[in-house]
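As structure tokens, the structure follows; a few thoughts come after it.
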Amino acid sequence: MLKTFKSLPLHIKIIIGLALGTIWAFVSSYAGLSEFTMNWIAPWGDIFINLLKLIAVPLVLFSIIQGITGLSDTTSLGRMGLKTIGLYLLTTMSAIAVGLLIVNTVKPGTFLDEEQRIVNRLSYEMWAVDNDVAIKDGKSFLTNPEYEEYADAARAKNQEYAQKRDGDMSDEIQTAKKTEDQRPLQFVVDMVPSNIFLSFNNSLMLQVIFFAIFFGLTVVSLPREKVETVINFVDGSSEVFIKMVDIVMKGAPFFVFALLAGKLSELAGNNPSRVLEIFKSLGWYSLAVVGGLAFMAFVLYPFVMIVLVKKLSYKTFFRAISPAQFLAFSSSSSAATLPVTMECVHENLKVREEVSSFVLPIGATVNMDGTSLYQAVAVIFLAQFHFVDLDFVQQLTIILTATLASIGSAAVPSAGLIMLIIVLESVGLNPAWIAIIFPVDRILDMCRTVVNVTGDATVTSIVAASEGKLDYNESTNSTPS
């Protein structure tokens with residue numbers, strides 16, 4: 001039995017780990033052992049994430065420097081950079097457009113008792129009056145005598161929103177306000193570190209990437225004999241951290257078991273029906289988000305890639321990156337998944353290291369396709385939930401704001417939440433409404449991280465193919481194990 005398990009491909013082992021983690025979470029919840037799971041099993045998942053984050057920053061640093069010093073023509077770096085940023089912006093806008101199309105078709109915010117929607121609408125109008133915000137669709141329920149009986153319930157709802165705004169969400173709203181008030185080029189300023197060791201310590205990936213590119217270009221500008229020792233050290237260090245990823249991933253099936261068991265136990269406590277209740281209350285919204293994310297990951301990305309990258313088939317691509325996808329699902333972190341994504345793309349898809357080590361770290365930081373789609377669905381859902389009709393121009397504002405927010409919030413912790421607050425405020429809606437979708441956010445975050453990682457791998461493959469640096473050959477390359 002053990003020999004059979006050891007011989008299985010890594011992605012199959014990780015699927016087994018995820019399945020066992022789910023089963024254990026519900027069994028332990030029924031048995032009243034959630035506290036045991038949180039105290040004795042979940043910490044192993046945290047250790048796994050810490051190990052991957054430990055590896056991620058030095059791996060990115062040395063891989064980028066190694067890639068640049070190995071380039072025969074450094075002018076290709078600028079060309080690759082433009083392609084990378086252009087493709088990431090294009091996929092982000094596509095994700096937002098897909099989200100808007102789905103949420104306007106399904107209309108998940110209308111699957112609610114009409115009286116409750118009227119209360120929600122009145123609470124919105126009261127908030128708008130108090131904050132001197134123009135009513136977006138020009139309607140007025142407050143002045144309609146037919147709705148007077150709902151006024152007290154609407155005031156109570158606004159008080160509830162205000163308590164959550166000033167309590168649990170106060171830090172996020174303050175951070176969003178600071179992000180909104182930044183100068184247009186502040187995100188460029190934030191890319192340049194004043195102290196690289198602080199950047200390492202705080203895992204500020206954009207600053208690490210900037211330093212690595214600057215360092216690598218400086219090395220190649222010097223005579224080879226003077227920097228030979230530095231180049232050898234960088235090459236050796238890169239190999240060491242790649243090997244560390246291999247070692248850590250040997251325990252991935254157990255670690256993802258611990259991660260998922262811990263997350264589900266945290267949601268369920270000793271009452272597993274709580275998870276079902278959470279999804280029941282926001283079921284249509286959750287389905288709209290997951291449906292959009294699935295379309296991006298399993299239809300749009302592979303279609304574009306197969307059209308532009310002739311060497312890769314649908315099956316080949318997903319078998320190659322599946323370990324990174326499953327890890328992204330269990331960890332909810334593109335940054336923690338980055339070392340594994342780099343290994344999958346380089347080892348399985350045969351993208352040369354000078355491309356994968358440059359494109360993937362940028363993607364893990366600035367590419368938020370899954371998160372951007374989620375913003376679009378969430379904002380329109382919340383508007384529908386409150387009987388607010390947003391017109392085409394206002395929805396176009398969502399596309400532009402979400403795209404810019406995904407860039408401006410790239411280095412901000414809890415970036416998805418910050419982005420959503422910014423987008424809500426851009427169309428004149430109450431940012432405290434994010435409390436409504438909090439209950440399902442953890443699970444949806446796992447799903448959208450899979451899309452982010454899949455988008456990173458797709459863009460990297462396209463850039464590599466366009467540069468002639470994708471060496472995959474179906475007849476000579478075996479499938480990943």
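Letters A, B, ... mark the chains of the structure tokens in the order given; residue numbers begin at 1 per chain; ligand numbers begin at 1, in order shown.
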
Legend entry - Non-local contacts of A:Ala56 (8 Å; only C-alpha atoms; under 6 positions in same chain excluded) as a list in words: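 My reading of the contact set: Ala335, Ala336, Leu338 and Pro339 of chain A.
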
Legend entry - stretch 48-262 of chain A: residues DSSP assigns to alpha helix (DSSP H), reported as a ChimeraX atom specification: /A:48-69,75-106,114-130,151-166,170-180,186-191,196-201,205-220,224-249,252-262

Legend entry - Spatial neighbours of A:Val234, max dist 8 Å, only C-alpha atoms, sep filter under 2 positions, as a VMD selection string: chain A and resid 62 65 to 66 230 to 232 236 to 238

Legend entry - Given only C-alpha atoms as the counted atoms, nearest of A:Ser330, A:Ser461, A:Ser286, A:Asn271 to A:Ser313: A:Ser461

Legend entry - Counting only C-alpha atoms, the option among A:Asn348, A:Asn131, A:Asn50, A:Thr229 closest to A:Leu470: A:Asn348

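Proximity to A:Ser322 was assessed for A:Thr454, A:Ser273, A:Ser221, A:Ser203 counting only C-alpha atoms; the smallest distance is recorded for A:Thr454.
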
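With only C-alpha atoms as the atoms that count, the minimum distance from A:Ile443 to the choices A:Asp152, A:Asp73, A:Glu35, A:Glu266 is reached by A:Glu266.
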
Inset, instruction - May I ask for the distance between atom CA of A:Val103 and atom CA of A:Ala134, given in Å to one decimal place? - result: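 The value is 23.7 Å.
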
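Closest approach to A:Ser123 from the set A:Leu54, A:Ile306, A:Leu142, A:Ile380 is made by A:Leu142, with distances taken over only C-alpha atoms.
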
Inset, instruction - Can you work out which one of A:Phe241, A:Tyr301, A:Trp433, A:Phe141 has the shortest atom-to-atom distance to A:Tyr161, counting only C-alpha atoms? - result: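 Nearest to A:Tyr161: A:Trp433.
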
When you look at A:Thr341 with a cut-off of 10 Å (counting only C-alpha atoms), what residues show up, excluding the ones that are within fewer than 5 positions of it in the same chain? I need them as a JSON list (two decimals) with N, CA and C atoms, in the first residue's frame.
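Dumped to result.json:
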[["chain", "number", "residue", "atom", "x", "y", "z"],
["A", 320, "ALA", "N", 0.96, 19.47, -16.08],
["A", 320, "ALA", "CA", 2.23, 20.08, -15.69],
["A", 320, "ALA", "C", 2.09, 21.01, -14.49],
["A", 321, "ILE", "N", 1.00, 21.78, -14.44],
["A", 321, "ILE", "CA", 0.88, 22.79, -13.38],
["A", 321, "ILE", "C", -0.05, 22.37, -12.25],
["A", 322, "SER", "N", -0.62, 21.17, -12.31],
["A", 322, "SER", "CA", -1.59, 20.76, -11.28],
["A", 322, "SER", "C", -1.03, 20.79, -9.86],
["A", 323, "PRO", "N", 0.23, 20.41, -9.60],
["A", 323, "PRO", "CA", 0.72, 20.53, -8.21],
["A", 323, "PRO", "C", 0.63, 21.96, -7.68],
["A", 324, "ALA", "N", 0.96, 22.94, -8.53],
["A", 324, "ALA", "CA", 0.87, 24.34, -8.11],
["A", 324, "ALA", "C", -0.58, 24.75, -7.89],
["A", 325, "GLN", "N", -1.49, 24.26, -8.73],
["A", 325, "GLN", "CA", -2.90, 24.61, -8.57],
["A", 325, "GLN", "C", -3.48, 24.07, -7.27],
["A", 327, "LEU", "N", -1.83, 23.25, -4.59],
["A", 327, "LEU", "CA", -1.19, 23.96, -3.47],
["A", 327, "LEU", "C", -1.80, 25.36, -3.31],
["A", 328, "ALA", "N", -2.07, 26.02, -4.43],
["A", 328, "ALA", "CA", -2.71, 27.35, -4.38],
["A", 328, "ALA", "C", -4.07, 27.26, -3.71],
["A", 334, "SER", "N", -0.67, 33.12, -3.49],
["A", 334, "SER", "CA", 0.16, 33.04, -4.70],
["A", 334, "SER", "C", 1.64, 33.11, -4.35],
["A", 335, "ALA", "N", 1.97, 33.93, -3.34],
["A", 335, "ALA", "CA", 3.38, 34.09, -2.95],
["A", 335, "ALA", "C", 3.94, 32.79, -2.38],
["A", 336, "ALA", "N", 3.15, 32.13, -1.52],
["A", 336, "ALA", "CA", 3.62, 30.86, -0.94],
["A", 336, "ALA", "C", 3.73, 29.77, -1.99],
["A", 346, "HIS", "N", 9.13, 25.48, -15.07],
["A", 346, "HIS", "CA", 10.49, 25.24, -15.59],
["A", 346, "HIS", "C", 10.73, 23.76, -15.88],
["A", 347, "GLU", "N", 10.39, 22.90, -14.92],
["A", 347, "GLU", "CA", 10.70, 21.47, -15.06],
["A", 347, "GLU", "C", 9.70, 20.74, -15.96],
["A", 356, "SER", "N", 10.96, 32.12, -16.83],
["A", 356, "SER", "CA", 10.11, 31.79, -15.68],
["A", 356, "SER", "C", 10.51, 32.56, -14.43],
["A", 360, "LEU", "N", 7.16, 34.96, -13.63],
["A", 360, "LEU", "CA", 6.33, 34.43, -12.54],
["A", 360, "LEU", "C", 6.35, 35.29, -11.27],
["A", 361, "PRO", "N", 7.52, 35.76, -10.79],
["A", 361, "PRO", "CA", 7.49, 36.61, -9.58],
["A", 361, "PRO", "C", 6.67, 37.90, -9.78],
["A", 364, "ALA", "N", 3.02, 36.80, -9.56],
["A", 364, "ALA", "CA", 2.60, 36.50, -8.19],
["A", 364, "ALA", "C", 2.32, 37.76, -7.40],
["A", 453, "VAL", "N", -2.74, 31.74, -10.04],
["A", 453, "VAL", "CA", -1.56, 30.91, -10.35],
["A", 453, "VAL", "C", -1.65, 30.36, -11.77],
["A", 454, "THR", "N", -2.84, 29.94, -12.20],
["A", 454, "THR", "CA", -3.01, 29.43, -13.57],
["A", 454, "THR", "C", -2.74, 30.53, -14.58],
["A", 456, "ASP", "N", -0.74, 33.10, -14.13],
["A", 456, "ASP", "CA", 0.72, 33.31, -14.14],
["A", 456, "ASP", "C", 1.42, 32.31, -15.06],
["A", 457, "ALA", "N", 1.03, 31.03, -14.93],
["A", 457, "ALA", "CA", 1.66, 29.98, -15.75],
["A", 457, "ALA", "C", 1.33, 30.17, -17.23]]

Legend entry - Residue neighbourhood A:Ala288, 9 Å, only C-alpha atoms, exclusion window fewer than 3 positions, as an MDAnalysis selection string: chainID A and resid 99 102:103 106:108 283:285 291:293 377

Inset, instruction - With a distance cut-off of 12 Å and only C-alpha atoms, select the neighbouring residues of A:Lys139, excluding the residue or stretch itself and same-chain residues fewer than 5 positions from it, and output the selection as a PyMOL selection string. - result: chain A and resi 121-122+124-125+134+144+387-390

I need the chosen residues saved as a PDB file, in the first residue's frame, with all heavy atoms.
ATOM      1  N   ARG A 121     -32.300  48.591   0.464  1.00  0.00           N
ATOM      2  CA  ARG A 121     -32.278  49.795  -0.369  1.00  0.00           C
ATOM      3  C   ARG A 121     -32.436  51.061   0.487  1.00  0.00           C
ATOM      4  O   ARG A 121     -31.716  52.052   0.301  1.00  0.00           O
ATOM      5  CB  ARG A 121     -33.423  49.720  -1.391  1.00  0.00           C
ATOM      6  CG  ARG A 121     -33.677  51.027  -2.166  1.00  0.00           C
ATOM      7  CD  ARG A 121     -32.549  51.335  -3.122  1.00  0.00           C
ATOM      8  NE  ARG A 121     -32.637  52.690  -3.643  1.00  0.00           N
ATOM      9  CZ  ARG A 121     -32.207  53.046  -4.854  1.00  0.00           C
ATOM     10  NH1 ARG A 121     -31.658  52.146  -5.650  1.00  0.00           N
ATOM     11  NH2 ARG A 121     -32.269  54.302  -5.244  1.00  0.00           N
ATOM     12  N   LEU A 122     -33.346  51.019   1.433  1.00  0.00           N
ATOM     13  CA  LEU A 122     -33.540  52.167   2.315  1.00  0.00           C
ATOM     14  C   LEU A 122     -32.284  52.452   3.136  1.00  0.00           C
ATOM     15  O   LEU A 122     -31.907  53.607   3.340  1.00  0.00           O
ATOM     16  CB  LEU A 122     -34.735  51.924   3.242  1.00  0.00           C
ATOM     17  CG  LEU A 122     -36.115  51.945   2.572  1.00  0.00           C
ATOM     18  CD1 LEU A 122     -37.190  51.461   3.537  1.00  0.00           C
ATOM     19  CD2 LEU A 122     -36.462  53.340   2.065  1.00  0.00           C
ATOM     20  N   TYR A 124     -29.271  51.853   2.200  1.00  0.00           N
ATOM     21  CA  TYR A 124     -28.320  52.471   1.266  1.00  0.00           C
ATOM     22  C   TYR A 124     -28.612  53.956   1.097  1.00  0.00           C
ATOM     23  O   TYR A 124     -27.694  54.789   1.144  1.00  0.00           O
ATOM     24  CB  TYR A 124     -28.382  51.754  -0.085  1.00  0.00           C
ATOM     25  CG  TYR A 124     -27.835  52.559  -1.246  1.00  0.00           C
ATOM     26  CD1 TYR A 124     -26.477  52.881  -1.304  1.00  0.00           C
ATOM     27  CD2 TYR A 124     -28.673  53.017  -2.266  1.00  0.00           C
ATOM     28  CE1 TYR A 124     -25.968  53.637  -2.360  1.00  0.00           C
ATOM     29  CE2 TYR A 124     -28.176  53.757  -3.317  1.00  0.00           C
ATOM     30  CZ  TYR A 124     -26.825  54.070  -3.366  1.00  0.00           C
ATOM     31  OH  TYR A 124     -26.337  54.820  -4.411  1.00  0.00           O
ATOM     32  N   GLU A 125     -29.879  54.305   0.907  1.00  0.00           N
ATOM     33  CA  GLU A 125     -30.232  55.709   0.703  1.00  0.00           C
ATOM     34  C   GLU A 125     -29.944  56.540   1.950  1.00  0.00           C
ATOM     35  O   GLU A 125     -29.475  57.678   1.857  1.00  0.00           O
ATOM     36  CB  GLU A 125     -31.703  55.822   0.291  1.00  0.00           C
ATOM     37  CG  GLU A 125     -31.971  55.257  -1.098  1.00  0.00           C
ATOM     38  CD  GLU A 125     -33.384  55.547  -1.601  1.00  0.00           C
ATOM     39  OE1 GLU A 125     -34.069  56.389  -0.978  1.00  0.00           O
ATOM     40  OE2 GLU A 125     -33.798  54.945  -2.602  1.00  0.00           O
ATOM     41  N   ALA A 134     -24.203  60.850  -3.949  1.00  0.00           N
ATOM     42  CA  ALA A 134     -25.341  60.867  -4.877  1.00  0.00           C
ATOM     43  C   ALA A 134     -25.892  59.454  -5.068  1.00  0.00           C
ATOM     44  O   ALA A 134     -25.124  58.497  -5.181  1.00  0.00           O
ATOM     45  CB  ALA A 134     -24.909  61.441  -6.221  1.00  0.00           C
ATOM     46  N   ASN A 144     -40.923  57.570  -0.657  1.00  0.00           N
ATOM     47  CA  ASN A 144     -42.123  56.818  -1.025  1.00  0.00           C
ATOM     48  C   ASN A 144     -42.846  56.358   0.248  1.00  0.00           C
ATOM     49  O   ASN A 144     -42.319  55.551   1.003  1.00  0.00           O
ATOM     50  CB  ASN A 144     -41.735  55.614  -1.886  1.00  0.00           C
ATOM     51  CG  ASN A 144     -42.943  54.921  -2.491  1.00  0.00           C
ATOM     52  OD1 ASN A 144     -44.059  54.991  -1.962  1.00  0.00           O
ATOM     53  ND2 ASN A 144     -42.729  54.249  -3.613  1.00  0.00           N
ATOM     54  N   PHE A 387     -30.938  46.630  -4.113  1.00  0.00           N
ATOM     55  CA  PHE A 387     -31.899  47.201  -5.062  1.00  0.00           C
ATOM     56  C   PHE A 387     -31.314  48.403  -5.816  1.00  0.00           C
ATOM     57  O   PHE A 387     -32.045  49.328  -6.183  1.00  0.00           O
ATOM     58  CB  PHE A 387     -33.181  47.641  -4.346  1.00  0.00           C
ATOM     59  CG  PHE A 387     -34.411  46.924  -4.823  1.00  0.00           C
ATOM     60  CD1 PHE A 387     -35.296  46.359  -3.928  1.00  0.00           C
ATOM     61  CD2 PHE A 387     -34.689  46.829  -6.185  1.00  0.00           C
ATOM     62  CE1 PHE A 387     -36.445  45.696  -4.366  1.00  0.00           C
ATOM     63  CE2 PHE A 387     -35.823  46.175  -6.630  1.00  0.00           C
ATOM     64  CZ  PHE A 387     -36.703  45.592  -5.709  1.00  0.00           C
ATOM     65  N   VAL A 388     -30.009  48.388  -6.067  1.00  0.00           N
ATOM     66  CA  VAL A 388     -29.350  49.487  -6.780  1.00  0.00           C
ATOM     67  C   VAL A 388     -29.006  49.012  -8.196  1.00  0.00           C
ATOM     68  O   VAL A 388     -28.353  47.976  -8.357  1.00  0.00           O
ATOM     69  CB  VAL A 388     -28.063  49.954  -6.058  1.00  0.00           C
ATOM     70  CG1 VAL A 388     -27.410  51.107  -6.813  1.00  0.00           C
ATOM     71  CG2 VAL A 388     -28.376  50.360  -4.628  1.00  0.00           C
ATOM     72  N   ASP A 389     -29.440  49.760  -9.190  1.00  0.00           N
ATOM     73  CA  ASP A 389     -29.148  49.417 -10.588  1.00  0.00           C
ATOM     74  C   ASP A 389     -27.976  50.268 -11.079  1.00  0.00           C
ATOM     75  O   ASP A 389     -28.090  51.495 -11.150  1.00  0.00           O
ATOM     76  CB  ASP A 389     -30.369  49.676 -11.473  1.00  0.00           C
ATOM     77  CG  ASP A 389     -31.534  48.787 -11.107  1.00  0.00           C
ATOM     78  OD1 ASP A 389     -31.294  47.610 -10.783  1.00  0.00           O
ATOM     79  OD2 ASP A 389     -32.688  49.274 -11.120  1.00  0.00           O
ATOM     80  N   LEU A 390     -26.864  49.610 -11.416  1.00  0.00           N
ATOM     81  CA  LEU A 390     -25.696  50.316 -11.949  1.00  0.00           C
ATOM     82  C   LEU A 390     -25.749  50.278 -13.479  1.00  0.00           C
ATOM     83  O   LEU A 390     -25.903  49.199 -14.065  1.00  0.00           O
ATOM     84  CB  LEU A 390     -24.404  49.675 -11.452  1.00  0.00           C
ATOM     85  CG  LEU A 390     -24.170  49.711  -9.937  1.00  0.00           C
ATOM     86  CD1 LEU A 390     -22.865  48.997  -9.584  1.00  0.00           C
ATOM     87  CD2 LEU A 390     -24.140  51.141  -9.426  1.00  0.00           C
TER      88      LEU A 390
END

Legend entry - Residues near A:Asn452, cut-off 6 Å, only C-alpha atoms, skip fewer than 6 positions along chain, as a PyMOL selection string: chain A and resi 368-370

Inset, instruction - Figure out the distance between atom CA of A:Leu444 and atom CA of A:Met249, please, to one decimal in Å. - result: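 Separation between atom CA of A:Met249 and atom CA of A:Leu444: 24.4 Å.
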